[in-house]
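J.: Mind having a look at this structure? Questions to follow.
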Amino acid sequence: MERVAAQPVQSRSGKTRLKRHFLTTLDRTLPELRELLERARRIKSGAAKPDFRGKAMALLFFNASVRTRVSFESGLARFGGHPIHVQPGKETYVFEHRDGVVMDGPTQEHVREVAPVLSRYVDCIGIRKSDLITTGATTAEVTGSWNELRGDDFLKAFAKHATVPVVNMESNFEHPCQELADRLTLAEKLGDPRGKKYVLTWAWHPKSLPLATPHSQLLSAAALGMRVVHLRPPGYDLDPEVVAVARQRAEASGGSLEITDDVDAAYAGAHAVCAKSYGGIGWYGRFDDERRDKAALRPRWIVDADKMGRTADAIFMHCLPIRRNVKATDGVLDGSRSVVVDQAENRLWAQVALLEQLFEEWRAR
Amino acid sequence: MERVAAQPVQSRSGKTRLKRHFLTTLDRTLPELRELLERARRIKSGAAKPDFRGKAMALLFFNASVRTRVSFESGLARFGGHPIHVQPGKETYVFEHRDGVVMDGPTQEHVREVAPVLSRYVDCIGIRKSDLITTGATTAEVTGSWNELRGDDFLKAFAKHATVPVVNMESNFEHPCQELADRLTLAEKLGDPRGKKYVLTWAWHPKSLPLATPHSQLLSAAALGMRVVHLRPPGYDLDPEVVAVARQRAEASGGSLEITDDVDAAYAGAHAVCAKSYGGIGWYGRFDDERRDKAALRPRWIVDADKMGRTADAIFMHCLPIRRNVKATDGVLDGSRSVVVDQAENRLWAQVALLEQLFEEWRAR
Amino acid sequence: MERVAAQPVQSRSGKTRLKRHFLTTLDRTLPELRELLERARRIKSGAAKPDFRGKAMALLFFNASVRTRVSFESGLARFGGHPIHVQPGKETYVFEHRDGVVMDGPTQEHVREVAPVLSRYVDCIGIRKSDLITTGATTAEVTGSWNELRGDDFLKAFAKHATVPVVNMESNFEHPCQELADRLTLAEKLGDPRGKKYVLTWAWHPKSLPLATPHSQLLSAAALGMRVVHLRPPGYDLDPEVVAVARQRAEASGGSLEITDDVDAAYAGAHAVCAKSYGGIGWYGRFDDERRDKAALRPRWIVDADKMGRTADAIFMHCLPIRRNVKATDGVLDGSRSVVVDQAENRLWAQVALLEQLFEEWRAR
């Protein structure tokens with residue numbers, strides 16, 4: 001992901017200031033990520049209490065949401081801030097982000113206007129825009145390749161023209177708030193996670209789901225210095241840039257990264273198992289074909305008691321929503337080692353910490 | 001309605017605590033209901049002022065709403081709290097509540113996850129889920145019997161897995177917030193309502209509307225010790241369990257319950273007339289047939305000046321929304337004895353009192 | 001526009017009080033408008049700080065919105081108030097406003113109920129209801145004439161029955177909050193605007209857009225005593241009542257009003273150019289015909305660098321959203337004289353000032 005954050009910007013008033021968005025964690029250093037984690041712990045424990053009074057944040061959801069929206073709204077409101085939930089296209093005009101377009105088609109307003117205008121009204125803008133998040137039995141209408149979608153063009157154009165911090169609430173490429181929450185959860189549940197074994201396993205699912213979350217999950221464990229194992233069938237590798245950064249972070253923190261399709265070996269001795277389904281990079285634009293191709297994987301790629309029995313009493317993680325008895329069995333989800341609810345709760349604390357930091361940096365300029 | 005509230009729950013942390021929901025008033029005693037009423041009066045008069053600062057409440061609306069939503073939002077916000085309005089299915093994933101399902105169909109997230117997760121984000125969760133609330137000219141697509149719907153399975157499953165209080169904002173079976181508001185209104189308008197005559201009259205309507213509100217209206221007047229008369233054409237009895245509790249409450253409070261189809265006798269000497277349309281229990285799943293069958297009832301079952309003229313200058317009540325000149329005439333609604341706006345206002349005060357009580361009970365554990 | 005504000009109302013409690021809505025500025029005097037402007041400046045500069053704590057405002061949007069909604073929400077929240085965003089028809093029942101209707105069709109609730117009920121829950125009610133605001137490539141389904149639509153019957157019926165101030169957030173006839181924001185912008189950017197030249201120019205657009213905003217823009221500059229020029233092709237005159245009031249205001253303030261189709265002469269020496277597209281009054285109900293008829297106007301009626309070059313270094317104004325390279329070129333919008341973002345920001349300050357005034361007047365009674 002091209003990094004757009006922390007660039008100097010000449011504002012209309014002539015003042016130069018740094019924009020610091022949170023579109024990706026690829027532009028954060030390991031110490032910066034550790035500081036965010038520590039901040040989240042302090043707030044969760046009650047040792048620190050942010051003050052968001054007088055602050056408003058616009059939450060732009062192009063896609064459905066439960067956790068992201070409610071945790072952001074609640075996190076702001078509990079500390080005195082005010083969320084504004086906006087559903088672009090449903091409640092607003094239709095936005096354009098490409099430069100130079102003659103806008104005589106369906107798009108009505110350019111990010112060159114809407115991003116700076118919203119920046120005048122609010123102190124932070126969150127955006128969820130993913131081409132693969134759908135509701136019910138609806139499937140995505142993606143026709144482009146992964147290479148076209150991984151650029152997150154809309155998000156980056158918006159961030160470029162915004163004059164307040166923009167937070168990625170899940171794009172095609174990354175779900176960095178999930179990364180923060182998962183890291184907080186691993187640190188809470190495993191004591192010192194360094195050297196412990198973390199398995200991110202692909203799971204079968206009737207749809208082709210986004211890559212953003214598995215990307216952020218891989219990065220999450222890597223930065224803790226864990227022995228990260230990415231378990232997936234052939235054809236389900238993650239984006240090479242993410243894999244490279246994850247490997248580098250794991251090694252810099254005393255851990256490692258292994259990619260395998262050996263289910264039994266992967267589960268053996270694991271301390272954390274994180275399940276995620278996602279569409280294969282090579283299948284983008286041909287998801288009907290993928291559905292047929294992956295049908296045979298279904299029985300083998302579900303997390304069940306048998307597989308969890310091979311682990312070192314591993315915790316079970318999932319970002320939610322999860323389809324029960326499809327990605328994991330009732331037994332695993334209702335068992336005492338499932339931490340999915342705690343993990344979801346940590347979205348709130350991680351995001352409150354992030355907002356506190358973004359607002360502080362903003363004030364400091 | 002099976003009572004799910006006030007059951008001891010083993011929380012994940014090992015602490016046992018009582019969950020106290022507000023799904024029904026059938027699990028409340030008469031003194032408890034009186035205390036809520038008194039609390040609402042004190043808050044409305046300004047003698048008491050709740051403090052909801054730092055509190056967030058999720059409001060899950062599966063159906064349209066005006067009063068319920070705005071009164072909850074305003075009631076929270078006026079006292080420092082924060083409402084989060086969520087439209088499941090439209091803005092979220094599609095929820096499942098049945099146990100043991102292999103979720104490879106349209107449902108995406110189970111209440112076993114979403115209820116405890118939301119409980120981590122907010123201090124209270126309101127749910128409106130009724131199979132018979134529709135907008136515009138749309139009619140309900142109910143194909144099941146009343147016996148299937150009266151169980152409110154989704155609501156109860158959600159409440160079972162939630163770890164904060166859940167408030168019923170109207171289910172198939174009951175609308176307990178309306179009950180509180182109506183009781184407050186009767187107490188305000190009639191001085192001492194004991195022994196006074198309350199008529200709940202069925203009214204014709206183009207659609208088949210839910211039973212929840214007439215249930216709660218019957219219970220409302222009964223608990224005040226009024227002479228309650230349920231006036232309805234044959235085939236429009238309320239649920240036997242509600243009728244039994246209403247009778248018991250009326251008698252325990254010095255009142256009575258009578259069921260009749262004698263329009264003239266019912267209105268005679270009434271102190272309060274409350275109009276409500278609803279689908280007959282026996283017609284559930286066959287609403288097209290009901291529409292044809294009830295056509296002949298239309299002229300007789302509207303509240304008009306003539307009928308109101310037979311009362312002892314009765315107040316006119318309706319839960320709203322009301323179709324003018326269908327359920328009651330313009331003359332009745334615009335007349336000086338209509339209290340429908342005051343009744344709607346009391347939703348706010350009753351709910352603020354309820355939330356204050358739920359939050360207090362919660363803190364006390 | 002018939003004036004419904006500031007009429008004495010007998011409330012149910014017997015008290016008589018004045019209702020003071022903000023449906024139009026036609027019922028405001030020039031000194032009153034100046035006071036609002038001064039109030040907005042003071043708040044924007046930080047010299048005054050409204051206190052909206054404990055105040056709630058319902059924002060009823062029948063149409064899409066970006067600026068109006070987010071600026072109202074943020075303006076309320078920053079000063080302690082609470083907005084409640086409501087989408088009638090989508091999230092509520094379907095409303096009726098005509099008197100005497102037998103409501104057995106699609107409408108479910110009358111403004112005679114919903115307006116006073118909402119007035120019990122909130123301290124102010126904003127309404128956006130325009131027949132010509134659409135999203136994406138959708139076009140309006142207006143079949144009536146301008147004479148039918150200009151009355152804003154729903155808005156006026158709602159205001160008549162509301163018992164708290166009602167704010168017009170854009171109707172068919174007027175967009176008075178835009179007028180306030182534009183006046184604030186002109187005063188900020190032009191120093192003393194008296195006698196300076198303001199050009200409101202029609203622009204080509206694929207759709208037929210509402211007249212409300214150009215009406216309010218004309219009034220905006222007129223009240224500042226500017227030399228107002230309305231530049232439009234034949235057939236695109238504004239409503240005669242608005243033109244008359246604008247002329248009267250301009251002349252009373254030392255300015256003038258001229259209407260012309262001479263593009264070159266209009267731009268010459270201008271200090272402010274404000275672009276707006278709108279459907280011709282004579283085309284209402286026949287917008288397909290209008291589209292064909294106006295096709296030839298497209299190349300001539302775009303704001304571009306060439307036209308702006310004829311001005312006295314004029315600022316460029318637009319209410320947004322704007323279709324780039326359709327109504328104005330990228331060069332104009334990205335140039336240093338474009339003030340569209342500042343103009344949008346001023347929506348917030350103008351509205352905060354308005355709300356402060358409405359709340360004060362309300363308290364004073």
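In the structure tokens, the first chain shown is A, the next is B, and so on; residue numbers restart at 1 for each chain, and ligands run from 1 in the order shown.
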Over all C-alpha pairs taken in order, what is the RMSD once chain A has been least-squares superposed onto chain B?
T.: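 Once chain A is overlaid on chain B, the RMSD is 0.0 Å.
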J.: Can you check which parts of range 91-138 of chain C lie within 8 Å of range 107-114 of chain A? Per residue, the shortest pair of atoms and distance in Å to one decimal, counting only C-alpha atoms, sorted by chain and number, as JSON lines.
T.:
{"residue": "C:Thr135", "atom": "CA", "partner": "A:Gln108", "partner_atom": "CA", "distance": 7.7}
{"residue": "C:Gly136", "atom": "CA", "partner": "A:Thr107", "partner_atom": "CA", "distance": 5.8}
{"residue": "C:Ala137", "atom": "CA", "partner": "A:Thr107", "partner_atom": "CA", "distance": 7.6}
J.: Mind dumping a table of every chain B residue within 9 Å of chain C, with the nearest atom pair and its distance in Å to one decimal, using only C-alpha atoms, sorted by chain and rising number, as CSV?
T.:
residue,atom,partner,partner_atom,distance
B:Phe61,CA,C:Glu91,CA,8.8
B:Asn63,CA,C:Glu91,CA,7.6
B:Ala64,CA,C:Thr92,CA,4.7
B:Ser65,CA,C:Thr92,CA,4.9
B:Val66,CA,C:Thr92,CA,5.5
B:Arg67,CA,C:Leu118,CA,7.6
B:Val70,CA,C:Tyr121,CA,6.9
B:Ser71,CA,C:Tyr121,CA,5.9
B:Glu73,CA,C:Ile84,CA,7.2
B:Ser74,CA,C:Tyr121,CA,6.1
B:Gly75,CA,C:Tyr121,CA,7.8
B:Ala77,CA,C:His82,CA,6.3
B:Arg78,CA,C:Gly54,CA,4.4
B:Phe79,CA,C:Gly54,CA,6.7
B:Gly80,CA,C:Gly54,CA,7.4
B:His82,CA,C:His82,CA,8.8
B:Gln87,CA,C:Glu91,CA,8.7
B:Thr134,CA,C:Tyr93,CA,8.0
B:Thr135,CA,C:Tyr93,CA,5.3
B:Gly136,CA,C:Pro106,CA,4.5
B:Ala137,CA,C:Pro106,CA,4.4
B:Thr138,CA,C:Pro106,CA,8.1
B:His205,CA,C:Asp104,CA,7.6
B:Pro206,CA,C:Asp104,CA,6.4
B:Leu320,CA,C:Glu109,CA,7.7
B:Pro321,CA,C:Glu109,CA,5.1
B:Ile322,CA,C:Glu109,CA,5.7
B:Arg323,CA,C:Met103,CA,5.1
B:Arg324,CA,C:Met103,CA,5.5
B:Asn325,CA,C:Val102,CA,4.9
B:Val326,CA,C:Met103,CA,6.2
B:Thr329,CA,C:Val102,CA,8.8
B:Asp330,CA,C:Gly100,CA,7.1
B:Leu333,CA,C:Glu113,CA,8.9
B:Asp334,CA,C:Arg112,CA,8.6
B:Ser336,CA,C:Arg12,CA,8.3
B:Val340,CA,C:Glu113,CA,8.0
B:Val341,CA,C:Val117,CA,5.5
B:Asp342,CA,C:Val117,CA,8.0
B:Ala344,CA,C:Val117,CA,6.3
B:Glu345,CA,C:Arg120,CA,5.7
B:Leu348,CA,C:Tyr121,CA,7.2
J.: List every residue of range 7-163 of chain B that DSSP, applied to the backbone of this structure, places in strand (DSSP E or B), and write the result as a compact mmCIF listing (two decimals) with N, CA and C atoms, in the first residue's frame.
T.:
# COMPACT_ATOMS: atom_id res chain seq x y z
N GLN B 7 -32.58 -13.81 35.82
CA GLN B 7 -32.01 -15.14 36.05
C GLN B 7 -30.53 -15.00 36.39
N PRO B 8 -30.03 -15.88 37.27
CA PRO B 8 -28.62 -15.79 37.62
C PRO B 8 -27.76 -16.25 36.44
N VAL B 9 -26.72 -15.52 36.14
CA VAL B 9 -25.88 -15.82 34.99
C VAL B 9 -24.43 -15.93 35.44
N GLN B 10 -23.77 -16.95 34.98
CA GLN B 10 -22.35 -17.11 35.26
C GLN B 10 -21.59 -16.35 34.19
N THR B 16 -21.07 -14.36 39.41
CA THR B 16 -22.47 -14.59 39.12
C THR B 16 -23.25 -13.30 39.33
N ARG B 17 -24.07 -12.95 38.37
CA ARG B 17 -24.91 -11.79 38.60
C ARG B 17 -26.28 -11.99 37.99
N LEU B 18 -27.22 -11.19 38.44
CA LEU B 18 -28.57 -11.30 37.94
C LEU B 18 -28.71 -10.43 36.71
N LYS B 19 -29.33 -10.99 35.69
CA LYS B 19 -29.67 -10.16 34.55
C LYS B 19 -31.09 -9.68 34.75
N PHE B 22 -35.95 -5.84 30.48
CA PHE B 22 -37.31 -5.32 30.48
C PHE B 22 -37.95 -5.76 29.17
N ALA B 56 -24.02 4.61 27.12
CA ALA B 56 -24.46 4.47 25.73
C ALA B 56 -25.50 3.36 25.64
N MET B 57 -26.46 3.54 24.77
CA MET B 57 -27.50 2.52 24.57
C MET B 57 -27.63 2.26 23.08
N ALA B 58 -27.60 0.99 22.69
CA ALA B 58 -27.85 0.64 21.29
C ALA B 58 -29.35 0.43 21.10
N LEU B 59 -29.88 1.03 20.05
CA LEU B 59 -31.31 0.91 19.74
C LEU B 59 -31.43 0.15 18.43
N LEU B 60 -31.80 -1.12 18.52
CA LEU B 60 -31.88 -1.97 17.32
C LEU B 60 -33.31 -1.95 16.80
N PHE B 61 -33.50 -1.31 15.64
CA PHE B 61 -34.83 -1.23 15.05
C PHE B 61 -34.90 -2.11 13.81
N HIS B 82 -25.89 8.61 25.51
CA HIS B 82 -25.71 8.59 24.06
C HIS B 82 -26.42 7.39 23.43
N PRO B 83 -27.37 7.66 22.53
CA PRO B 83 -28.05 6.59 21.81
C PRO B 83 -27.29 6.21 20.55
N ILE B 84 -27.32 4.95 20.18
CA ILE B 84 -26.74 4.49 18.91
C ILE B 84 -27.84 3.75 18.15
N HIS B 85 -28.32 4.39 17.10
CA HIS B 85 -29.44 3.87 16.32
C HIS B 85 -28.92 2.89 15.27
N VAL B 86 -29.37 1.66 15.32
CA VAL B 86 -28.88 0.61 14.42
C VAL B 86 -30.08 -0.04 13.73
N PHE B 95 -28.80 -11.34 11.06
CA PHE B 95 -28.61 -12.08 12.31
C PHE B 95 -29.39 -13.42 12.35
N GLU B 96 -28.80 -14.38 13.03
CA GLU B 96 -29.40 -15.71 13.27
C GLU B 96 -29.63 -15.85 14.77
N GLU B 109 -24.51 -13.72 11.18
CA GLU B 109 -23.95 -13.54 12.52
C GLU B 109 -24.99 -13.98 13.53
N HIS B 110 -24.54 -14.72 14.53
CA HIS B 110 -25.45 -15.31 15.51
C HIS B 110 -25.59 -14.40 16.71
N CYS B 124 -26.87 -0.71 27.65
CA CYS B 124 -28.25 -1.17 27.55
C CYS B 124 -28.53 -1.35 26.06
N ILE B 125 -29.40 -2.31 25.75
CA ILE B 125 -29.73 -2.57 24.34
C ILE B 125 -31.25 -2.61 24.20
N GLY B 126 -31.79 -1.76 23.33
CA GLY B 126 -33.21 -1.80 23.03
C GLY B 126 -33.43 -2.52 21.71
N ILE B 127 -34.50 -3.29 21.63
CA ILE B 127 -34.79 -4.04 20.40
C ILE B 127 -36.26 -3.88 20.03
N ARG B 128 -36.51 -3.42 18.80
CA ARG B 128 -37.85 -3.51 18.23
C ARG B 128 -37.83 -4.55 17.13
J.: If you count only C-alpha atoms, which residues fall within 8 Å of Ala212 in chain B, apart from same-chain ones fewer than 3 positions away, as a PyMOL selection string?
T.: chain B and resi 170-175+215-216
J.: Can you tell me, as a PyMOL selection string, what residues are no more than 8 Å from Gly235 in chain B when counting only C-alpha atoms, ignoring any on the same chain fewer than 6 positions away?
T.: chain B and resi 280-282
J.: Put those residues in a file: C-alpha atoms, as an mmCIF file, in the first residue's frame.
T.:
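What ended up in again_26.cif:
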data_model
loop_
_atom_site.group_PDB
_atom_site.id
_atom_site.type_symbol
_atom_site.label_atom_id
_atom_site.label_comp_id
_atom_site.auth_asym_id
_atom_site.auth_seq_id
_atom_site.Cartn_x
_atom_site.Cartn_y
_atom_site.Cartn_z
ATOM 1 C CA GLY B 280 -57.173 -11.402 14.963
ATOM 2 C CA ILE B 281 -55.206 -14.279 16.510
ATOM 3 C CA GLY B 282 -57.097 -16.737 14.357
#
J.: Among the residues of range 21-222 of chain A, find those DSSP assigns to alpha helix (DSSP H) from the backbone and print them as a PyMOL selection string.
T.: chain A and resi 30-45+67-78+111-121+146-149+153-161+176-189+212-222
J.: I'd like the neighbourhood of Ala221 in chain A as a PyMOL selection string, where a residue qualifies if any of its atoms comes within 12 Å (using only C-alpha atoms), though same-chain residues fewer than 3 positions away should be ignored.
T.: chain A and resi 33+178-187+190+192-200+214-218+224-230+245-247+249-251+253-257+271-274+317
J.: Using only C-alpha atoms, which residue out of C:Ala140, C:Leu37, C:Ile43, C:Val303 lies closest to Ser277 in chain C?
T.: C:Val303
